[in-house]
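Q: Here you go, run-v1.txt (compact mmCIF, C-alpha atoms):
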# COMPACT_ATOMS: atom_id res chain seq x y z
CA MET A 6 -23.10 -10.23 -13.62
CA ARG A 7 -19.89 -8.30 -14.24
CA LEU A 8 -16.93 -8.86 -11.93
CA THR A 9 -14.23 -6.18 -11.82
CA ILE A 10 -10.81 -7.07 -10.44
CA LEU A 11 -8.73 -4.09 -9.32
CA GLY A 12 -5.11 -5.13 -9.29
CA GLY A 13 -5.91 -7.23 -12.33
CA GLY A 14 -2.21 -7.71 -13.05
CA GLY A 15 -1.75 -9.44 -9.70
CA PHE A 16 -0.08 -12.82 -9.62
CA ARG A 17 -3.04 -14.56 -7.94
CA VAL A 18 -5.71 -13.37 -10.39
CA PRO A 19 -5.55 -16.63 -12.42
CA LEU A 20 -6.63 -18.54 -9.30
CA VAL A 21 -9.81 -16.45 -9.20
CA TYR A 22 -10.45 -16.96 -12.91
CA ARG A 23 -9.86 -20.70 -12.64
CA ALA A 24 -12.45 -20.88 -9.86
CA LEU A 25 -14.91 -18.95 -12.03
CA LEU A 26 -14.42 -21.40 -14.91
CA ASP A 27 -15.05 -24.33 -12.56
CA ASP A 28 -18.12 -22.69 -11.03
CA PRO A 29 -21.24 -24.68 -11.98
CA GLY A 30 -23.42 -21.74 -10.96
CA ARG A 31 -21.80 -19.43 -13.53
CA ALA A 32 -22.43 -16.35 -11.42
CA VAL A 33 -20.10 -14.17 -13.53
CA SER A 34 -20.78 -13.28 -17.17
CA GLU A 35 -17.73 -11.00 -17.70
CA VAL A 36 -14.45 -10.27 -15.95
CA VAL A 37 -12.98 -6.78 -16.23
CA LEU A 38 -9.35 -6.28 -15.24
CA HIS A 39 -7.83 -2.98 -14.16
CA ASP A 40 -4.22 -2.37 -13.16
CA THR A 41 -1.88 0.58 -13.10
CA ASP A 42 0.85 -1.55 -14.74
CA PRO A 43 -0.11 -2.33 -18.37
CA ARG A 44 2.65 -4.90 -18.84
CA ARG A 45 1.60 -6.96 -15.83
CA VAL A 46 -2.08 -6.94 -16.71
CA ALA A 47 -1.29 -7.96 -20.30
CA VAL A 48 0.71 -10.95 -19.03
CA ILE A 49 -2.04 -12.03 -16.63
CA ALA A 50 -4.64 -11.65 -19.37
CA GLY A 51 -2.51 -14.09 -21.38
CA VAL A 52 -2.58 -16.61 -18.51
CA LEU A 53 -6.36 -16.27 -18.38
CA GLU A 54 -6.53 -16.81 -22.13
CA ARG A 55 -4.70 -20.12 -21.69
CA LEU A 56 -7.03 -21.16 -18.86
CA ALA A 57 -10.03 -20.44 -21.09
CA GLN A 58 -8.73 -22.51 -24.01
CA GLY A 59 -10.81 -25.61 -24.56
CA HIS A 60 -13.41 -24.60 -22.00
CA PRO A 61 -16.94 -25.09 -23.36
CA ALA A 62 -18.15 -21.72 -22.06
CA PRO A 63 -15.24 -19.49 -21.03
CA VAL A 64 -15.94 -16.30 -19.10
CA PRO A 65 -15.05 -13.29 -21.31
CA VAL A 66 -12.19 -11.12 -20.06
CA ARG A 67 -11.64 -7.45 -20.84
CA VAL A 68 -8.90 -5.04 -19.75
CA ALA A 69 -10.27 -1.60 -18.85
CA ASP A 70 -8.42 1.58 -19.77
CA GLY A 71 -9.13 3.34 -16.46
CA LEU A 72 -10.62 2.91 -13.01
CA ASP A 73 -13.96 4.53 -13.82
CA GLU A 74 -14.44 2.40 -16.91
CA ALA A 75 -13.64 -0.70 -14.88
CA LEU A 76 -16.20 0.13 -12.19
CA GLU A 77 -19.18 1.17 -14.33
CA GLY A 78 -21.73 -1.63 -14.43
CA ALA A 79 -19.92 -3.87 -11.97
CA GLY A 80 -21.96 -6.15 -9.74
CA PHE A 81 -18.95 -7.21 -7.66
CA VAL A 82 -15.57 -5.55 -7.28
CA PHE A 83 -12.53 -7.48 -6.07
CA SER A 84 -9.97 -5.06 -4.69
CA ALA A 85 -6.53 -6.68 -4.75
CA ILE A 86 -4.19 -3.73 -5.20
CA ARG A 87 -0.59 -3.37 -4.01
CA VAL A 88 0.24 0.30 -3.58
CA GLY A 89 3.96 0.82 -4.07
CA GLY A 90 4.49 -2.63 -5.54
CA THR A 91 6.97 -5.11 -4.14
CA SER A 92 9.58 -2.34 -3.80
CA GLY A 93 7.28 -0.70 -1.26
CA ARG A 94 6.95 -4.00 0.59
CA ILE A 95 10.74 -4.30 0.74
CA ARG A 96 10.95 -0.90 2.43
CA ASP A 97 8.18 -1.88 4.86
CA GLU A 98 10.22 -4.93 5.87
CA ARG A 99 13.76 -3.55 5.83
CA ILE A 100 13.19 -0.28 7.73
CA PRO A 101 11.79 -1.98 10.89
CA LEU A 102 14.43 -4.74 10.71
CA SER A 103 17.16 -2.10 10.68
CA GLU A 104 15.73 -0.88 14.00
CA GLY A 105 15.66 -4.37 15.53
CA VAL A 106 11.92 -5.03 15.26
CA LEU A 107 9.96 -7.35 13.00
CA GLY A 108 9.41 -6.27 9.42
CA GLN A 109 6.40 -8.04 7.89
CA GLU A 110 3.81 -7.06 5.29
CA THR A 111 0.72 -7.06 7.52
CA VAL A 112 2.04 -7.45 11.08
CA GLY A 113 3.91 -4.97 13.24
CA ALA A 114 5.59 -1.84 11.97
CA GLY A 115 5.64 -3.13 8.39
CA GLY A 116 1.87 -3.56 8.42
CA VAL A 117 1.39 -0.02 9.73
CA LEU A 118 3.65 1.44 7.03
CA TYR A 119 1.81 -0.53 4.35
CA GLY A 120 -1.54 0.66 5.71
CA LEU A 121 -0.46 4.30 5.72
CA ARG A 122 0.47 4.03 2.06
CA THR A 123 -2.54 1.97 0.95
CA ILE A 124 -5.52 3.47 2.78
CA PRO A 125 -5.71 6.76 0.81
CA VAL A 126 -5.83 4.80 -2.47
CA ALA A 127 -8.40 2.36 -1.09
CA LEU A 128 -10.57 5.27 0.03
CA HIS A 129 -10.43 6.79 -3.46
CA ILE A 130 -11.56 3.46 -4.89
CA ALA A 131 -14.41 3.31 -2.37
CA GLU A 132 -15.54 6.80 -3.37
CA ARG A 133 -15.51 5.91 -7.08
CA VAL A 134 -17.48 2.72 -6.38
CA ALA A 135 -20.05 4.72 -4.43
CA ALA A 136 -20.36 7.15 -7.34
CA LEU A 137 -20.33 4.73 -10.28
CA ALA A 138 -21.53 1.37 -8.94
CA PRO A 139 -23.47 2.08 -5.74
CA ASP A 140 -25.18 -1.32 -5.80
CA ALA A 141 -21.93 -3.26 -6.20
CA TRP A 142 -20.43 -5.38 -3.45
CA VAL A 143 -16.72 -4.82 -2.81
CA ILE A 144 -14.73 -7.84 -1.70
CA ASN A 145 -11.44 -6.63 -0.31
CA PHE A 146 -8.34 -8.78 -0.74
CA THR A 147 -5.97 -5.84 -0.25
CA ASN A 148 -3.63 -6.06 2.71
CA PRO A 149 -3.54 -5.13 5.51
CA ALA A 150 -7.07 -6.45 5.00
CA GLY A 151 -8.57 -5.51 8.36
CA MET A 152 -7.59 -1.86 8.39
CA VAL A 153 -8.16 -1.38 4.64
CA THR A 154 -11.66 -2.85 4.95
CA GLU A 155 -12.29 -0.61 7.97
CA ALA A 156 -11.26 2.48 6.00
CA MET A 157 -13.37 1.55 2.97
CA SER A 158 -16.39 0.84 5.18
CA GLN A 159 -16.45 4.52 6.17
CA VAL A 160 -17.61 5.15 2.58
CA LEU A 161 -19.34 1.90 1.63
CA GLY A 162 -20.71 0.70 4.97
CA ASP A 163 -21.57 -3.01 4.96
CA ARG A 164 -21.15 -3.27 1.18
CA VAL A 165 -17.42 -3.87 1.61
CA ILE A 166 -16.40 -7.24 3.04
CA GLY A 167 -12.81 -8.31 3.68
CA ILE A 168 -11.64 -11.84 3.05
CA CYS A 169 -8.59 -13.92 3.95
CA ASP A 170 -7.78 -17.56 3.33
CA SER A 171 -5.87 -18.14 6.60
CA PRO A 172 -8.92 -18.82 8.83
CA VAL A 173 -10.69 -21.20 6.45
CA GLY A 174 -7.40 -23.00 5.85
CA LEU A 175 -6.96 -23.42 9.60
CA VAL A 176 -10.49 -24.82 10.02
CA ARG A 177 -10.03 -27.30 7.19
CA ARG A 178 -6.62 -28.46 8.41
CA ALA A 179 -7.91 -28.87 11.96
CA ALA A 180 -10.92 -30.89 10.78
CA ARG A 181 -8.70 -33.16 8.68
CA ALA A 182 -6.26 -33.67 11.58
CA ALA A 183 -9.18 -34.54 13.87
CA GLY A 184 -10.30 -37.24 11.45
CA ALA A 185 -13.27 -35.38 9.99
CA ASP A 186 -14.07 -34.68 6.37
CA PRO A 187 -13.51 -30.95 5.77
CA ALA A 188 -16.37 -31.01 3.27
CA ALA A 189 -18.77 -31.68 6.15
CA LEU A 190 -18.04 -28.19 7.49
CA ALA A 191 -20.18 -26.72 4.71
CA ASP A 192 -23.33 -28.18 6.31
CA PRO A 193 -24.44 -25.86 9.16
CA GLY A 194 -26.88 -28.55 10.27
CA ARG A 195 -23.95 -30.83 11.12
CA ALA A 196 -20.97 -28.56 11.73
CA GLY A 197 -20.07 -25.36 13.50
CA TYR A 198 -16.95 -23.51 14.51
CA ASP A 199 -16.12 -20.55 16.73
CA TYR A 200 -13.45 -18.34 15.22
CA VAL A 201 -12.98 -14.73 16.27
CA GLY A 202 -10.33 -12.04 16.16
CA LEU A 203 -8.94 -9.50 13.74
CA ASN A 204 -7.40 -10.13 10.36
CA HIS A 205 -4.19 -12.14 10.87
CA LEU A 206 -4.94 -12.27 14.59
CA GLY A 207 -7.64 -14.77 15.53
CA TRP A 208 -8.34 -18.08 17.26
CA LEU A 209 -10.31 -21.22 16.42
CA ARG A 210 -11.90 -22.00 19.80
CA SER A 211 -14.30 -24.81 18.95
CA LEU A 212 -14.92 -27.16 16.02
CA THR A 213 -18.17 -29.08 16.30
CA LEU A 214 -19.39 -31.93 14.12
CA ASP A 215 -22.64 -33.78 14.80
CA GLY A 216 -22.83 -32.31 18.29
CA THR A 217 -19.26 -33.17 19.35
CA ASP A 218 -16.52 -30.59 19.79
CA LEU A 219 -13.47 -32.08 18.07
CA LEU A 220 -11.00 -29.53 19.41
CA PRO A 221 -10.32 -30.99 22.90
CA GLY A 222 -9.50 -34.39 21.42
CA LEU A 223 -7.29 -32.80 18.77
CA LEU A 224 -5.37 -30.77 21.35
CA ALA A 225 -4.77 -33.92 23.41
CA ASP A 226 -3.41 -35.89 20.45
CA GLU A 227 0.31 -35.22 19.94
CA ASP A 228 0.51 -37.05 16.63
CA ALA A 229 -2.58 -35.34 15.23
CA LEU A 230 -1.20 -31.91 16.14
CA ALA A 231 2.07 -32.75 14.41
CA SER A 232 0.18 -33.61 11.21
CA PHE A 233 -0.81 -30.07 10.18
CA GLU A 234 0.69 -26.65 9.75
CA GLU A 235 -0.44 -24.78 12.86
CA GLY A 236 0.30 -27.77 15.09
CA ARG A 237 3.91 -27.84 13.91
CA LEU A 238 4.21 -24.06 13.92
CA PHE A 239 3.11 -23.47 17.53
CA GLY A 240 3.90 -26.83 19.12
CA ALA A 241 1.60 -29.15 21.06
CA ASP A 242 2.55 -27.84 24.49
CA TRP A 243 1.73 -24.20 23.70
CA LEU A 244 -1.49 -25.09 21.89
CA ARG A 245 -2.71 -27.09 24.88
CA THR A 246 -1.78 -24.18 27.12
CA LEU A 247 -3.84 -21.82 24.95
CA GLY A 248 -6.74 -24.26 24.64
CA ALA A 249 -7.31 -22.97 21.11
CA LEU A 250 -5.75 -23.01 17.64
CA PRO A 251 -4.30 -19.61 16.69
CA ASN A 252 -4.15 -18.15 13.21
CA GLU A 253 -0.68 -18.79 11.77
CA TYR A 254 0.18 -15.08 11.91
CA LEU A 255 -0.01 -15.15 15.71
CA HIS A 256 3.35 -16.91 15.57
CA TYR A 257 4.84 -13.43 15.16
CA TYR A 258 3.30 -12.43 18.50
CA TYR A 259 3.75 -15.58 20.57
CA PHE A 260 7.25 -16.37 19.28
CA ARG A 261 8.46 -12.89 18.47
CA ARG A 262 12.04 -13.48 19.63
CA GLU A 263 12.49 -16.67 17.64
CA THR A 264 10.91 -15.22 14.51
CA LEU A 265 12.92 -12.01 14.74
CA ASP A 266 16.13 -14.02 15.18
CA SER A 267 15.31 -16.03 12.05
CA VAL A 268 14.70 -12.95 9.91
CA ARG A 269 16.91 -10.22 11.44
CA ASP A 270 20.06 -11.10 9.52
CA THR A 271 18.33 -12.64 6.51
CA ARG A 272 19.92 -12.02 3.15
CA GLU A 273 16.49 -11.87 1.54
CA THR A 274 13.20 -10.80 3.08
CA ARG A 275 9.91 -12.18 1.79
CA GLY A 276 9.37 -8.96 -0.15
CA GLU A 277 12.79 -9.23 -1.77
CA PHE A 278 12.13 -12.86 -2.71
CA LEU A 279 8.78 -11.96 -4.31
CA ASP A 280 10.29 -8.93 -6.03
CA HIS A 281 12.93 -11.10 -7.68
CA GLN A 282 10.60 -14.01 -8.34
CA GLN A 283 7.65 -12.08 -9.74
CA GLY A 284 9.82 -9.53 -11.51
CA GLY A 285 11.53 -12.42 -13.26
CA PHE A 286 8.21 -14.08 -14.05
CA PHE A 287 6.73 -10.99 -15.71
CA GLU A 288 9.92 -10.32 -17.64
CA ARG A 289 10.13 -13.88 -18.96
CA ALA A 290 6.39 -14.11 -19.55
CA ALA A 291 6.37 -10.96 -21.67
CA ALA A 292 8.91 -12.61 -23.97
CA ALA A 293 7.35 -16.10 -23.90
CA ASP A 294 6.02 -17.78 -27.02
CA GLY A 295 2.25 -17.93 -26.61
CA PRO A 296 -0.26 -18.51 -23.79
CA GLU A 297 0.83 -22.13 -23.18
CA ALA A 298 4.38 -21.10 -22.30
CA VAL A 299 3.16 -18.21 -20.15
CA TYR A 300 0.79 -20.49 -18.24
CA ALA A 301 3.47 -23.13 -17.59
CA LEU A 302 5.79 -20.43 -16.28
CA TRP A 303 3.05 -19.04 -14.06
CA GLU A 304 2.27 -22.48 -12.59
CA ARG A 305 5.93 -23.16 -11.75
CA THR A 306 6.28 -19.74 -10.16
CA ARG A 307 3.06 -20.19 -8.16
CA LEU A 308 4.22 -23.49 -6.71
CA GLU A 309 7.55 -22.00 -5.65
CA ARG A 310 5.71 -19.12 -4.02
CA GLU A 311 3.48 -21.48 -2.03
CA GLU A 312 6.43 -23.67 -0.97
CA THR A 313 8.25 -20.69 0.55
CA TYR A 314 5.24 -19.12 2.32
CA MET A 315 6.07 -18.11 5.94
CA ALA A 316 9.48 -19.74 5.58
CA HIS A 317 11.05 -17.73 8.43
CA SER A 318 8.33 -18.76 10.89
CA ARG A 319 8.73 -22.40 9.87
CA GLU A 320 12.47 -22.07 10.34
CA ALA A 321 11.92 -20.57 13.80
CA SER A 322 9.69 -23.50 14.79
CA GLY A 323 12.14 -26.20 13.81
CA GLY A 324 12.09 -26.17 10.03
CA TRP A 325 9.62 -28.28 8.05
CA GLN A 326 8.08 -28.41 4.61
CA ARG A 327 4.52 -27.52 3.70
CA ASP A 328 2.37 -30.50 2.71
CA ALA A 329 0.36 -31.08 -0.45
CA HIS A 330 -2.86 -29.60 0.96
CA ASP A 331 -1.10 -26.29 1.57
CA LEU A 332 0.48 -26.19 -1.89
CA GLU A 333 -2.78 -26.44 -3.82
CA GLY A 334 -3.01 -22.66 -3.94
CA GLY A 335 -6.21 -20.71 -3.94
CA GLY A 336 -8.17 -20.19 -0.79
CA TYR A 337 -8.97 -16.57 -1.51
CA ASP A 338 -10.68 -17.59 -4.73
CA ARG A 339 -12.88 -20.20 -3.05
CA VAL A 340 -13.88 -17.85 -0.24
CA ALA A 341 -14.68 -15.06 -2.71
CA LEU A 342 -16.77 -17.35 -4.90
CA ALA A 343 -18.69 -18.73 -1.92
CA LEU A 344 -19.30 -15.16 -0.72
CA MET A 345 -20.64 -14.09 -4.12
CA HIS A 346 -22.94 -17.09 -4.33
CA GLY A 347 -24.14 -16.51 -0.77
CA ILE A 348 -25.18 -12.95 -1.61
CA LEU A 349 -26.65 -13.66 -5.04
CA ALA A 350 -28.61 -16.77 -4.02
CA ASP A 351 -29.37 -15.71 -0.43
CA THR A 352 -28.05 -19.07 0.78
CA GLY A 353 -27.17 -18.43 4.42
CA THR A 354 -23.65 -19.76 3.78
CA ARG A 355 -21.32 -19.55 6.79
CA LEU A 356 -17.90 -18.06 6.15
CA ILE A 357 -15.16 -16.41 8.20
CA LEU A 358 -15.05 -12.81 6.97
CA ASN A 359 -13.91 -9.31 7.90
CA VAL A 360 -17.05 -7.31 8.70
CA ARG A 361 -18.31 -4.61 11.03
CA ASN A 362 -18.39 -5.81 14.60
CA GLY A 363 -21.90 -4.76 15.66
CA THR A 364 -22.28 -6.45 19.05
CA THR A 365 -20.11 -9.50 18.34
CA VAL A 366 -17.31 -8.31 20.63
CA PRO A 367 -19.01 -5.88 23.03
CA GLN A 368 -15.72 -4.27 24.07
CA LEU A 369 -15.07 -3.04 20.51
CA ALA A 370 -16.85 -0.24 18.66
CA PRO A 371 -19.79 -1.37 16.50
CA ASP A 372 -18.07 -0.09 13.32
CA ALA A 373 -14.73 -1.77 14.07
CA ILE A 374 -13.87 -4.50 11.57
CA VAL A 375 -13.48 -7.96 13.10
CA GLU A 376 -12.79 -11.35 11.56
CA THR A 377 -15.38 -13.89 12.58
CA VAL A 378 -17.97 -16.43 11.45
CA CYS A 379 -20.72 -14.80 9.39
CA GLU A 380 -23.95 -15.88 7.78
CA VAL A 381 -24.12 -14.66 4.19
CA GLY A 382 -27.34 -13.76 2.41
CA ALA A 383 -28.85 -11.22 0.06
CA GLN A 384 -28.24 -8.41 2.58
CA GLY A 385 -24.55 -9.24 2.90
CA ALA A 386 -22.59 -10.83 5.74
CA ARG A 387 -24.00 -10.88 9.27
CA PRO A 388 -21.58 -11.75 12.09
CA LEU A 389 -22.85 -14.55 14.31
CA PRO A 390 -22.69 -14.43 18.11
CA CYS A 391 -19.53 -15.91 19.58
CA ALA A 392 -18.47 -17.08 23.03
CA PRO A 393 -16.87 -14.41 25.26
CA LEU A 394 -13.20 -13.81 24.63
CA ARG A 395 -10.61 -14.74 27.22
CA GLU A 396 -8.70 -11.84 28.73
CA ASP A 397 -5.49 -12.60 26.82
CA GLN A 398 -7.37 -12.80 23.51
CA LEU A 399 -9.37 -9.65 24.18
CA GLY A 400 -6.34 -7.72 25.39
CA LEU A 401 -4.37 -8.43 22.24
CA MET A 402 -7.37 -7.65 20.05
CA LEU A 403 -7.96 -4.31 21.78
CA GLN A 404 -4.34 -3.25 21.47
CA VAL A 405 -4.02 -4.19 17.80
CA LYS A 406 -7.41 -2.66 16.97
CA ALA A 407 -6.21 0.61 18.54
CA VAL A 408 -3.20 0.41 16.21
CA GLU A 409 -5.43 -0.22 13.18
CA ARG A 410 -7.76 2.66 13.96
CA ALA A 411 -4.85 5.03 14.59
CA THR A 412 -3.38 4.00 11.23
CA VAL A 413 -6.66 4.79 9.46
CA GLU A 414 -6.82 8.15 11.26
CA ALA A 415 -3.23 8.96 10.29
CA ALA A 416 -3.82 8.06 6.64
CA LEU A 417 -7.08 10.01 6.44
CA PHE A 418 -5.87 13.22 8.05
CA LYS A 419 -2.10 13.10 7.39
CA ASP A 420 -1.74 13.06 11.16
CA ARG A 421 1.84 12.32 12.27
CA ASP A 422 0.83 11.93 15.92
CA ALA A 423 -1.70 9.24 15.00
CA ALA A 424 0.92 7.49 12.85
CA LEU A 425 3.44 7.56 15.69
CA ARG A 426 0.79 6.25 18.10
CA ALA A 427 -0.02 3.41 15.72
CA LEU A 428 3.62 2.37 15.46
CA ALA A 429 4.59 2.86 19.10
CA LEU A 430 1.57 1.04 20.54
CA HIS A 431 1.97 -2.06 18.40
CA PRO A 432 2.91 -5.07 20.57
CA LEU A 433 5.85 -5.86 18.27
CA VAL A 434 7.41 -2.38 18.50
CA ASP A 435 9.23 -2.03 21.80
CA SER A 436 9.97 1.70 22.02
CA PRO A 437 8.41 5.04 21.02
CA THR A 438 11.89 6.20 20.07
CA VAL A 439 12.24 3.29 17.66
CA ALA A 440 8.75 3.99 16.31
CA ALA A 441 9.67 7.63 15.64
CA ARG A 442 12.82 6.62 13.78
CA ILE A 443 10.89 4.11 11.67
CA LEU A 444 8.32 6.76 10.79
CA GLU A 445 11.01 9.30 9.90
CA ARG A 446 12.94 6.85 7.71
CA ALA A 447 9.75 5.73 5.94
CA ALA A 448 8.90 9.37 5.17
CA GLU A 449 12.39 9.96 3.77
CA ARG A 450 12.13 6.95 1.45
CA ALA A 451 8.51 7.46 0.35
Written as structure tokens, how would this file's structure read?
A:
Amino acid sequence: MRLTILGGGGFRVPLVYRALLDDPGRAVSEVVLHDTDPRRVAVIAGVLERLAQGHPAPVPVRVADGLDEALEGAGFVFSAIRVGGTSGRIRDERIPLSEGVLGQETVGAGGVLYGLRTIPVALHIAERVAALAPDAWVINFTNPAGMVTEAMSQVLGDRVIGICDSPVGLVRRAARAAGADPAALADPGRAGYDYVGLNHLGWLRSLTLDGTDLLPGLLADEDALASFEEGRLFGADWLRTLGALPNEYLHYYYFRRETLDSVRDTRETRGEFLDHQQGGFFERAAAADGPEAVYALWERTRLEREETYMAHSREASGGWQRDAHDLEGGGYDRVALALMHGILADTGTRLILNVRNGTTVPQLAPDAIVETVCEVGAQGARPLPCAPLREDQLGLMLQVKAVERATVEAALFKDRDAALRALALHPLVDSPTVAARILERAAERA
């Protein structure tokens, strides 16, 4: 089966390839890379070459000349594009910050600006997949993952599935903190978990192993909560008040003042850091002496990237370092591989994915993309029933989903009113006047 990776020059692509090499099921017979930046994809192909060295049966890698060539014959398509590059991300962060509101890649005004720029390209990809590889499954890594998946689903229906590593990371960390083996979570006969929300906005509301919900005991244990990332990020008192474990990105909503204070006067946003870091990596890698040197450089850069992830939120919650479990990297790769195997082998694997709502959350439209626990089989990913949402959870979901759908509408129809509505109604944008100025400045700098 051929796997096509769009955004094949992306920094995380080697994580996917490494997972494929370690896959005992050998689901993929060829990897095809496509990227609009030939220098970047050439460097990443060199990293993959180093990973394949010495492997008894490496997966062949080919760089396609164009999008259509990359898609023809694909069984799975990973979409991991970044429209506008890191320079676009910098604008998405700096423009809102200049107006006194949070600038972040997927959350708030920055997420809306990124969606407006990305959705038209993602829709073009969806149309080419439908024309050239109608039986392919598209696994969307592209941020903002929820709204991009929702836009692509208008063309591809249920054959596009969005993934994120934040929810599965949360479940594993919570299980470990509660004294359980995270590996046991893979057995639906023993384990279960209730996670529901939108991409980068969801809650783990139960975590059951052998008939016992581990979450109440975890929430009552101060030391256990202090042992993992979300416990330190949100604090024991607030987590007990919520009665659930939020996705790490909810820190931007619950602690908006503290996070904004930590980033408002920053000398370097996350986008600026990645622009310098990755720009430097690709420049040095292009001049490096052979695949071994390129790979060593990539590994050092990857570790630095993981160490600095969500640094401003960690600073706002007291300042602390990420532990070894969080620095392993990956996440996306493991979820994607499990999703592919679930579809190909019709396994009934349970994963947290971004899929069409159906009746999972009755208050949302059936075609709205939600992030929840799904059962994966030959027909794709089917969302499982979940417990009713509390009013505070549902209210936030409804408001942010309205923002996402308005962003898709604005991108589809070049509708300024829909774009303004998306920005002004976001919980992290405090004024329609500010929203209008952000929109105007983004248009000037496009």
Q: Using all atoms listed in the file, which residue out of A:Cys391, A:Ala447, A:Ala24, A:Leu223 lies closest to Ile100 in chain A?
A: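 Among the listed residues, the smallest separation from Ile100 in chain A belongs to A:Ala447.
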Q: What are the closest atom pairs, with distances in Å to one decimal, for each residue of range 233-274 of chain A lying within 12 Å of range 306-314 of chain A, using all atoms listed in the file, rows by chain and rising residue number, as a Markdown table?
A:
| residue | atom | partner | partner_atom | distance |
| --- | --- | --- | --- | --- |
| A:Glu234 | CA | A:Tyr314 | CA | 11.5 |
| A:Glu253 | CA | A:Tyr314 | CA | 11.2 |
| A:Tyr254 | CA | A:Tyr314 | CA | 11.6 |
| A:Thr274 | CA | A:Thr313 | CA | 11.3 |
Q: If you count only C-alpha atoms, which residues fall within 10 Å of Leu417 in chain A, apart from same-chain ones fewer than 2 positions away, as a ChimeraX atom specification?
A: /A:121,124-125,128,156,411-415,419-420
Q: With distances taken over all atoms listed in the file, which residue among A:Asp40, A:Asp27, A:Glu288, A:Asp215 lies nearest Leu56 in chain A?
A: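 Of A:Asp40, A:Asp27, A:Glu288, A:Asp215, the one nearest Leu56 in chain A is A:Asp27, counting all atoms listed in the file.
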Q: Could you tell me which of A:Met157, A:Ala423, A:Ala114, A:Leu220 comes closest to Trp208 in chain A if we count all atoms listed in the file?
A: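 Ranking A:Met157, A:Ala423, A:Ala114, A:Leu220 by distance to Trp208 in chain A, first place goes to A:Leu220.
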Q: Since the input is missing atoms, can you rebuild N, CA, C and O atoms for range 149-160 of chain A and write them as a PDB file, in the frame of the given file?
A:
ATOM      1  N   PRO A 149      -3.080  -4.345   4.363  1.00  0.00           N
ATOM      2  CA  PRO A 149      -3.540  -5.130   5.510  1.00  0.00           C
ATOM      3  C   PRO A 149      -5.071  -5.146   5.528  1.00  0.00           C
ATOM      4  O   PRO A 149      -5.700  -4.089   5.674  1.00  0.00           O
ATOM      5  N   ALA A 150      -5.656  -6.340   5.357  1.00  0.00           N
ATOM      6  CA  ALA A 150      -7.070  -6.450   5.000  1.00  0.00           C
ATOM      7  C   ALA A 150      -8.003  -5.860   6.045  1.00  0.00           C
ATOM      8  O   ALA A 150      -9.025  -5.259   5.705  1.00  0.00           O
ATOM      9  N   GLY A 151      -7.689  -6.026   7.317  1.00  0.00           N
ATOM     10  CA  GLY A 151      -8.570  -5.510   8.360  1.00  0.00           C
ATOM     11  C   GLY A 151      -8.678  -3.997   8.330  1.00  0.00           C
ATOM     12  O   GLY A 151      -9.783  -3.436   8.291  1.00  0.00           O
ATOM     13  N   MET A 152      -7.536  -3.323   8.330  1.00  0.00           N
ATOM     14  CA  MET A 152      -7.590  -1.860   8.390  1.00  0.00           C
ATOM     15  C   MET A 152      -8.028  -1.255   7.053  1.00  0.00           C
ATOM     16  O   MET A 152      -8.710  -0.228   7.039  1.00  0.00           O
ATOM     17  N   VAL A 153      -7.695  -1.892   5.923  1.00  0.00           N
ATOM     18  CA  VAL A 153      -8.160  -1.380   4.640  1.00  0.00           C
ATOM     19  C   VAL A 153      -9.673  -1.527   4.519  1.00  0.00           C
ATOM     20  O   VAL A 153     -10.373  -0.610   4.070  1.00  0.00           O
ATOM     21  N   THR A 154     -10.205  -2.664   4.954  1.00  0.00           N
ATOM     22  CA  THR A 154     -11.660  -2.850   4.950  1.00  0.00           C
ATOM     23  C   THR A 154     -12.326  -1.842   5.875  1.00  0.00           C
ATOM     24  O   THR A 154     -13.381  -1.273   5.541  1.00  0.00           O
ATOM     25  N   GLU A 155     -11.723  -1.574   7.027  1.00  0.00           N
ATOM     26  CA  GLU A 155     -12.290  -0.610   7.970  1.00  0.00           C
ATOM     27  C   GLU A 155     -12.339   0.791   7.348  1.00  0.00           C
ATOM     28  O   GLU A 155     -13.330   1.514   7.487  1.00  0.00           O
ATOM     29  N   ALA A 156     -11.274   1.165   6.647  1.00  0.00           N
ATOM     30  CA  ALA A 156     -11.260   2.480   6.000  1.00  0.00           C
ATOM     31  C   ALA A 156     -12.319   2.558   4.904  1.00  0.00           C
ATOM     32  O   ALA A 156     -13.072   3.538   4.822  1.00  0.00           O
ATOM     33  N   MET A 157     -12.404   1.533   4.064  1.00  0.00           N
ATOM     34  CA  MET A 157     -13.370   1.550   2.970  1.00  0.00           C
ATOM     35  C   MET A 157     -14.809   1.523   3.478  1.00  0.00           C
ATOM     36  O   MET A 157     -15.712   2.091   2.854  1.00  0.00           O
ATOM     37  N   SER A 158     -15.025   0.911   4.631  1.00  0.00           N
ATOM     38  CA  SER A 158     -16.390   0.840   5.180  1.00  0.00           C
ATOM     39  C   SER A 158     -16.897   2.208   5.611  1.00  0.00           C
ATOM     40  O   SER A 158     -18.107   2.408   5.735  1.00  0.00           O
ATOM     41  N   GLN A 159     -16.000   3.173   5.836  1.00  0.00           N
ATOM     42  CA  GLN A 159     -16.450   4.520   6.170  1.00  0.00           C
ATOM     43  C   GLN A 159     -17.183   5.164   4.988  1.00  0.00           C
ATOM     44  O   GLN A 159     -17.980   6.082   5.177  1.00  0.00           O
ATOM     45  N   VAL A 160     -16.925   4.672   3.775  1.00  0.00           N
ATOM     46  CA  VAL A 160     -17.610   5.150   2.580  1.00  0.00           C
ATOM     47  C   VAL A 160     -18.725   4.193   2.162  1.00  0.00           C
ATOM     48  O   VAL A 160     -19.832   4.619   1.821  1.00  0.00           O
TER      49      VAL A 160
END
